[in-house]
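What follows is a set of notes on a single structure, which appears directly below.
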Number of protein chains: 4
Amino acid sequence: MSSVMGEQIKLTIFGESHGPSIGVVIDGLPAGIELDQEAIAREMKRRAPGNSKLATPRKESDSVSIESGFFNGRTTGMALCARIPNSNAHSKDYSKMKEIMRPGHGDYPGYVKFHGCNDYRGGGSFSGRLTAPLVFAGAVAKQLLAARGITVGAHVATLAGVRDRKFDPLGETAETLLAMGDETLPVLDPSVREAMAARITEAQKEKDSVGGTIECMAIGLPVGLGEPYFDSVESRLSHALFSVPAVKGIAFGDGFGLAEMRGSEANDPMTYQDGKVVCTTNHNGGVTGGISNGMPLLFTVAVKPTPSIGKTQHTVNVVTGENTTLEVTGRHDPCILPRAVPVIEAVTAWTLLDLSLLAERR
Amino acid sequence: MSSVMGEQIKLTIFGESHGPSIGVVIDGLPAGIELDQEAIAREMKRRAPGNSKLATPRKESDSVSIESGFFNGRTTGMALCARIPNSNAHSKDYSKMKEIMRPGHGDYPGYVKFHGCNDYRGGGSFSGRLTAPLVFAGAVAKQLLAARGITVGAHVATLAGVRDRKFDPLGETAETLLAMGDETLPVLDPSVREAMAARITEAQKEKDSVGGTIECMAIGLPVGLGEPYFDSVESRLSHALFSVPAVKGIAFGDGFGLAEMRGSEANDPMTYQDGKVVCTTNHNGGVTGGISNGMPLLFTVAVKPTPSIGKTQHTVNVVTGENTTLEVTGRHDPCILPRAVPVIEAVTAWTLLDLSLLAERR
Amino acid sequence: MSSVMGEQIKLTIFGESHGPSIGVVIDGLPAGIELDQEAIAREMKRRAPGNSKLATPRKESDSVSIESGFFNGRTTGMALCARIPNSNAHSKDYSKMKEIMRPGHGDYPGYVKFHGCNDYRGGGSFSGRLTAPLVFAGAVAKQLLAARGITVGAHVATLAGVRDRKFDPLGETAETLLAMGDETLPVLDPSVREAMAARITEAQKEKDSVGGTIECMAIGLPVGLGEPYFDSVESRLSHALFSVPAVKGIAFGDGFGLAEMRGSEANDPMTYQDGKVVCTTNHNGGVTGGISNGMPLLFTVAVKPTPSIGKTQHTVNVVTGENTTLEVTGRHDPCILPRAVPVIEAVTAWTLLDLSLLAERR
Amino acid sequence: MSSVMGEQIKLTIFGESHGPSIGVVIDGLPAGIELDQEAIAREMKRRAPGNSKLATPRKESDSVSIESGFFNGRTTGMALCARIPNSNAHSKDYSKMKEIMRPGHGDYPGYVKFHGCNDYRGGGSFSGRLTAPLVFAGAVAKQLLAARGITVGAHVATLAGVRDRKFDPLGETAETLLAMGDETLPVLDPSVREAMAARITEAQKEKDSVGGTIECMAIGLPVGLGEPYFDSVESRLSHALFSVPAVKGIAFGDGFGLAEMRGSEANDPMTYQDGKVVCTTNHNGGVTGGISNGMPLLFTVAVKPTPSIGKTQHTVNVVTGENTTLEVTGRHDPCILPRAVPVIEAVTAWTLLDLSLLAERR
């Protein structure tokens, strides 16, 4: 496992879905930062299961215990360790997983890689549950970014083919971005919410699952985040975002659409506006040459349908060495997108903070 | 700049497009590896400019001088330094670049980030020229991968809308993958080559440029490369690939297509075949749970059209603080895709080698 | 704070002396390792306070709760998190520390560096208490080293001028090294123990403290650990050992004595013995050119007297900005050496394991 | 080999003693720094061979070619690559080294580790010659430190038993520290120089070599450099300094002397002086709790006698598998200390710069 990430601020995550607890150690935070614990709890709740009919009924309060690095209401400059007990694990649901590999999951490569020793219950450390510590880290990062005038927000752009309107590439208000945090199914156009919910319910009834895309924007970024070559904004964000289970694609700005354009269309013209250089379009998603160019950061990730489904699937039993079939039981999300939105925001916020500290130190 | 990348094997690149030389230091290579220098020269030539009417007429032999780490035909175990002199730089072509920012390039964020001190000639370290050292590193990596039975190959999947056939997701032969190295415009279906070339020529005539997508496959990977969470195969590859200039999107397996599927379609069923576990489809591109699952690794990157175009563009002069227009002169590729194919292969090869050494050490 | 260390295996420590808990996350351990939990408990007890009249009466069981990475008696390959609750903190003892800086401690530079926000109680993260997680990590490392035939042991070489005999530089038996773990005050020559204990008691009576040196040996190392230049055995060990509070010097082999020798005396002659190359002396402490040469690894560290003493000292009150005097109260060790021995062993074991994995991967 | 070091600024060194060139890539330097190239040349010359009767007659100009990262007299913010051609290599002197292992050198562990493939000529990458790139990096670092008011200087404290006076632990002037750069044999008390030189000449005549100690001081450090736990000032400096060949011990402040003191002697009392907190003694060498405390940084390293000597030594021939004797011929320093002084300064300067950037970014 590689559980450490970051340069200026290092995250170390730990935990397995059905072990005693999961958590994160954040190393390198400045001392003296007041943390808004209510804001952290709010972010944790956005991701927590059991909040909605559209998600797994597994009920986890995901209440965070801060073990270190926080004293008298401020960060101490020492490692900030946050621990989240696993309170509602039904390990019996997973007895089959010891032998029968779930298609689309990390079960099989994990079984081979870890010689059958990994904790198979609930997916162990492969579990989406490990994104809870990331949301904690992101909630902390958002507070440090807010002090720099940076706001991050994301919405479900498409869900099983139902499309929300897209972010205006030239920018949204901080209010619009922050409002995404108020809804279980965050969309820009409320009129699509019902259709999306219907697709989830429909899939659930058919013991199946659905996927979609999440669009994320950050505004208020200074010009100059990201380092050519190997720590470009795109490099660092994609590295972090592909750590989120189920993410299978990422595109910055017009992304794959750029591949079909002419240079004269794809290049964003620049002009002075109120003495400041701005682009009049934002096909490049706020990043050129790997560096933030002052326009809103804009990217989209593809999230595959949850692989745990009740429908019969063909697979193998690695203990008996035989082919078999599997209907995954247990409490699974028929669609992970609503709960993935705060995770994508969190990972983005943390990466932008790390890049900010790197750029500021020069 | 962040010029160091890698865990088990660290690459450090250096150089600017119009400085004395560019190069790479490869740290951590095992001792005693024979290097096929002809194979290295062949890879360098694939990327080198001046090989084709479709590319920039800038003529660079890109001959490599090995400064260290190679003795009596074998690696010494010490840092392998390869240096490539810049022999054909026309710096006068770039005099305007000091003041006038090219749209779609890193010029403007670079100017701000580096306080106007970066070498603007030819894009400095932002230049695609810095991919030459990456191709060297990739050529070395390919030889170490070959000894492990791993082959990497890529082709131009689409170019300005003209589509090549796609790789068979269940696998291609090593011969097919290696054959991609024989052509200036590597495609699987030779019948599309002419149409692609026509699009490039057409754009060139119109002082414009075109983009496209590159599909890359690696076969022979063992089960178990990649580390959950933060060094997933997708995380590491995307980090490295977004370091390549002009890459704006990446998708593994069916990528954004997965977002529209049901779980029952996206999950790849598993079965025993000749005593080995295989998937009967490969929608996940050979990676589940962030780890290679034994199926061919398959991904696609979006490459935007070259931003340097002769057409008139609106932009700014950062010295005078005025709006202006720009027609980029100099010797530019109207389409970077043919020369980007070996770069994508190289970066992929190097990343897979790094992940292999990490997985083997356990 | 920098709480992450290591290349092949990364340690992340967290915690403050008087916070809820302290702990460590060990990333990169192979899967399937059985851990002897009794052996771990034994090592923890060696370092734990309250075991001896010679040490602080603060009573901490230092019982370890494993939060992740361990399942069915084996490592899972995931991050191994061990947490140690702080059960016996008397925070009121430290109220003065908020304002009055203890000479010889990190109080003052910590106050400045962390803007007065660090947890001053018990020294916070500067506390020797943070070595408990290191002992846990070392206990795990010792088990992996044992499987490689490597044994580490250390003893109090000098204490307030009382000298134990030195290790035979050509080697000790594993039994001798392991026997150091049986005693509160580990020495090779039991006859010096009483005199050492007397010096501690004497200092304690006089509200003062004493220091000394610890000699450490590792046997069974293969030829070839350590990487020139920057990961030499000496570089990596010293980096890790100077992280242990109170260590102020380190010397390999004859160390500072080598500075007075001629080359003809300092060079260790080599010869074939039973078909194996050995040195007939070991002035270089088992390391030449930064790499283990097959001889026993041998080094000595200087440990300063505990800075917390009851005697009156001149210091400053940073809140009032006035000079003042201080008699440190609370429960302090009059000599840290007995409890430092297992810490030095642990840090050595962990570093050697990290270097072993690096050398084995080639 | 591990040829990459640093966090905020990464050094990558490359080269072998008898290959085409050696060099260094410095990654992470701010843009816009003017470099005083004469000052750099001066530092290079201090270390270069052939400057004195006391050193090897091998004549190397060690002239530096800057390959990248420097444009119009300033750093560009990109990787700064400096290359030093090997102009005066007599490879025939080393033909024996292929088979016969020099005692006290890395030859034997290097032979085993690198399977006999490392470049044995002149010690390859183990060579002290690789310290030339470090001196370049240090010369750059000194210029950035000077802008922060920090000065580094070192002198030969003892040489074969002849003792120079020690630095005043409460501080020396910048003039005194910088004056160390003017002499081939830098000492504080000029009256000892002749006796030291005599010891070197004497050893040389007897085909032997001598060692000694180097004392190093840095003044002007702010309070707060270094990070507890794992990036303490002592950890980072010792890591870097043990990368310098022949260094076998390091002690901060009174070092091993502290082991014999009582706490009441070792603790440095603090007092307000002109509104600033200072210590009235400096037994801890300017570092408490791993962090700079505002007092001068002071440490001593032990340098062993050069292992290459003309006297007959017992050793092995690894090709024939027989015992043999060796008289090392070729051009060797009978004492490395004079040339090691600028190296110790350089490595110290670079480490302090890296720690400064880390502390400043918060």
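Ordered as shown in the structure tokens, chains take letters A, B, and onward, while each chain numbers its residues from 1 and ligands are numbered from 1 in the order shown.
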- Task: as a VMD selection string, list the residues of segment 104-240 of chain D assigned to alpha helix (DSSP H) by DSSP on the backbone atoms of this structure.
- Result: chain D and resid 107 to 113 131 to 146 174 to 179 193 to 205 233 to 240
Kindly provide the residues of chain A that approach chain C to within 9 Å, each paired with its closest atom pair and their distance in Å to one decimal, based on only C-alpha atoms, listed by chain and increasing number, as CSV.
```
residue,atom,partner,partner_atom,distance
A:Met1,CA,C:Met78,CA,5.1
A:Ser2,CA,C:Asp27,CA,6.5
A:Ser3,CA,C:Asp27,CA,6.3
A:Val4,CA,C:Asp27,CA,7.7
A:Lys10,CA,C:Val4,CA,8.0
A:Thr12,CA,C:Thr12,CA,7.0
A:Ile13,CA,C:Ala79,CA,7.6
A:Phe14,CA,C:Ala79,CA,5.4
A:Gly15,CA,C:Ser68,CA,4.7
A:Glu16,CA,C:Ser68,CA,6.1
A:Gly19,CA,C:Ser68,CA,6.0
A:Pro20,CA,C:Glu67,CA,5.4
A:Ser21,CA,C:Glu67,CA,5.7
A:Ile22,CA,C:Glu67,CA,7.4
A:Val25,CA,C:Phe14,CA,7.1
A:Asp27,CA,C:Ser3,CA,6.3
A:Gly28,CA,C:Met1,CA,5.7
A:Leu29,CA,C:Met1,CA,8.1
A:Pro30,CA,C:Phe114,CA,7.7
A:Ala31,CA,C:Phe114,CA,5.2
A:Gly32,CA,C:Cys117,CA,5.5
A:Ile33,CA,C:Cys117,CA,9.0
A:Ile66,CA,C:Pro20,CA,8.1
A:Glu67,CA,C:Pro20,CA,5.4
A:Ser68,CA,C:Gly15,CA,4.7
A:Gly69,CA,C:Gly15,CA,7.0
A:Phe70,CA,C:Asp119,CA,8.0
A:Phe71,CA,C:Asp119,CA,6.2
A:Asn72,CA,C:Cys117,CA,8.2
A:Arg74,CA,C:Cys117,CA,7.0
A:Thr75,CA,C:Cys117,CA,7.0
A:Thr76,CA,C:Asn118,CA,4.1
A:Gly77,CA,C:Phe114,CA,6.0
A:Met78,CA,C:Met1,CA,5.1
A:Ala79,CA,C:Phe14,CA,5.4
A:Leu80,CA,C:Phe14,CA,7.2
A:Cys81,CA,C:Phe14,CA,6.5
A:Lys113,CA,C:Ala31,CA,8.4
A:Phe114,CA,C:Ala31,CA,5.2
A:His115,CA,C:Ala31,CA,6.9
A:Gly116,CA,C:Gly32,CA,8.0
A:Cys117,CA,C:Thr76,CA,5.0
A:Asn118,CA,C:Thr76,CA,4.1
A:Asp119,CA,C:Phe71,CA,6.2
A:Gly124,CA,C:Met78,CA,8.6
A:Ser125,CA,C:Met78,CA,6.7
```
Closest atom pairs, segment 192-293 of chain D residues within 10 Å of segment 297-316 of chain C, only C-alpha atoms, as JSON lines:
```
{"residue": "D:Lys248", "atom": "CA", "partner": "C:Phe299", "partner_atom": "CA", "distance": 9.7}
{"residue": "D:Gly249", "atom": "CA", "partner": "C:Phe299", "partner_atom": "CA", "distance": 9.2}
{"residue": "D:Ile250", "atom": "CA", "partner": "C:Val301", "partner_atom": "CA", "distance": 9.7}
{"residue": "D:Ala251", "atom": "CA", "partner": "C:Ala302", "partner_atom": "CA", "distance": 8.2}
{"residue": "D:Phe252", "atom": "CA", "partner": "C:Ala302", "partner_atom": "CA", "distance": 9.8}
{"residue": "D:Asp254", "atom": "CA", "partner": "C:Lys304", "partner_atom": "CA", "distance": 9.5}
{"residue": "D:Gly255", "atom": "CA", "partner": "C:Ala302", "partner_atom": "CA", "distance": 6.6}
{"residue": "D:Phe256", "atom": "CA", "partner": "C:Ala302", "partner_atom": "CA", "distance": 5.2}
{"residue": "D:Gly257", "atom": "CA", "partner": "C:Ala302", "partner_atom": "CA", "distance": 8.2}
{"residue": "D:Leu258", "atom": "CA", "partner": "C:Lys304", "partner_atom": "CA", "distance": 5.2}
{"residue": "D:Ala259", "atom": "CA", "partner": "C:Lys304", "partner_atom": "CA", "distance": 5.0}
{"residue": "D:Glu260", "atom": "CA", "partner": "C:Lys304", "partner_atom": "CA", "distance": 8.0}
{"residue": "D:Met261", "atom": "CA", "partner": "C:Pro305", "partner_atom": "CA", "distance": 6.8}
{"residue": "D:Arg262", "atom": "CA", "partner": "C:Pro305", "partner_atom": "CA", "distance": 6.0}
{"residue": "D:Gly263", "atom": "CA", "partner": "C:Pro305", "partner_atom": "CA", "distance": 4.9}
{"residue": "D:Ser264", "atom": "CA", "partner": "C:Lys311", "partner_atom": "CA", "distance": 7.2}
{"residue": "D:Glu265", "atom": "CA", "partner": "C:Pro305", "partner_atom": "CA", "distance": 9.1}
{"residue": "D:Ala266", "atom": "CA", "partner": "C:Pro305", "partner_atom": "CA", "distance": 7.1}
{"residue": "D:Asn267", "atom": "CA", "partner": "C:Pro307", "partner_atom": "CA", "distance": 6.2}
{"residue": "D:Asp268", "atom": "CA", "partner": "C:His314", "partner_atom": "CA", "distance": 8.8}
{"residue": "D:Pro269", "atom": "CA", "partner": "C:His314", "partner_atom": "CA", "distance": 5.2}
{"residue": "D:Met270", "atom": "CA", "partner": "C:Thr315", "partner_atom": "CA", "distance": 4.3}
{"residue": "D:Thr271", "atom": "CA", "partner": "C:Thr315", "partner_atom": "CA", "distance": 5.6}
{"residue": "D:Tyr272", "atom": "CA", "partner": "C:Val316", "partner_atom": "CA", "distance": 7.0}
{"residue": "D:Val277", "atom": "CA", "partner": "C:Val316", "partner_atom": "CA", "distance": 7.5}
{"residue": "D:Val278", "atom": "CA", "partner": "C:Val316", "partner_atom": "CA", "distance": 9.4}
{"residue": "D:Cys279", "atom": "CA", "partner": "C:Thr315", "partner_atom": "CA", "distance": 8.6}
{"residue": "D:Thr280", "atom": "CA", "partner": "C:His314", "partner_atom": "CA", "distance": 9.5}
{"residue": "D:Asn284", "atom": "CA", "partner": "C:Lys304", "partner_atom": "CA", "distance": 9.2}
```
- Query: Which one of D:Val287, D:Leu337, D:Ala41, D:Ala154 sits closest to Ser235 of chain D if you count only C-alpha atoms?
  - Reply: D:Val287
- Skip Gly289 of chain C itself and residues of its chain fewer than 6 positions away, then list as a PyMOL selection string all residues within 10 Å of it, counting only C-alpha atoms. (chain C and resi 226-229+232-234) or (chain D and resi 104-110+123+125-127+243-246)
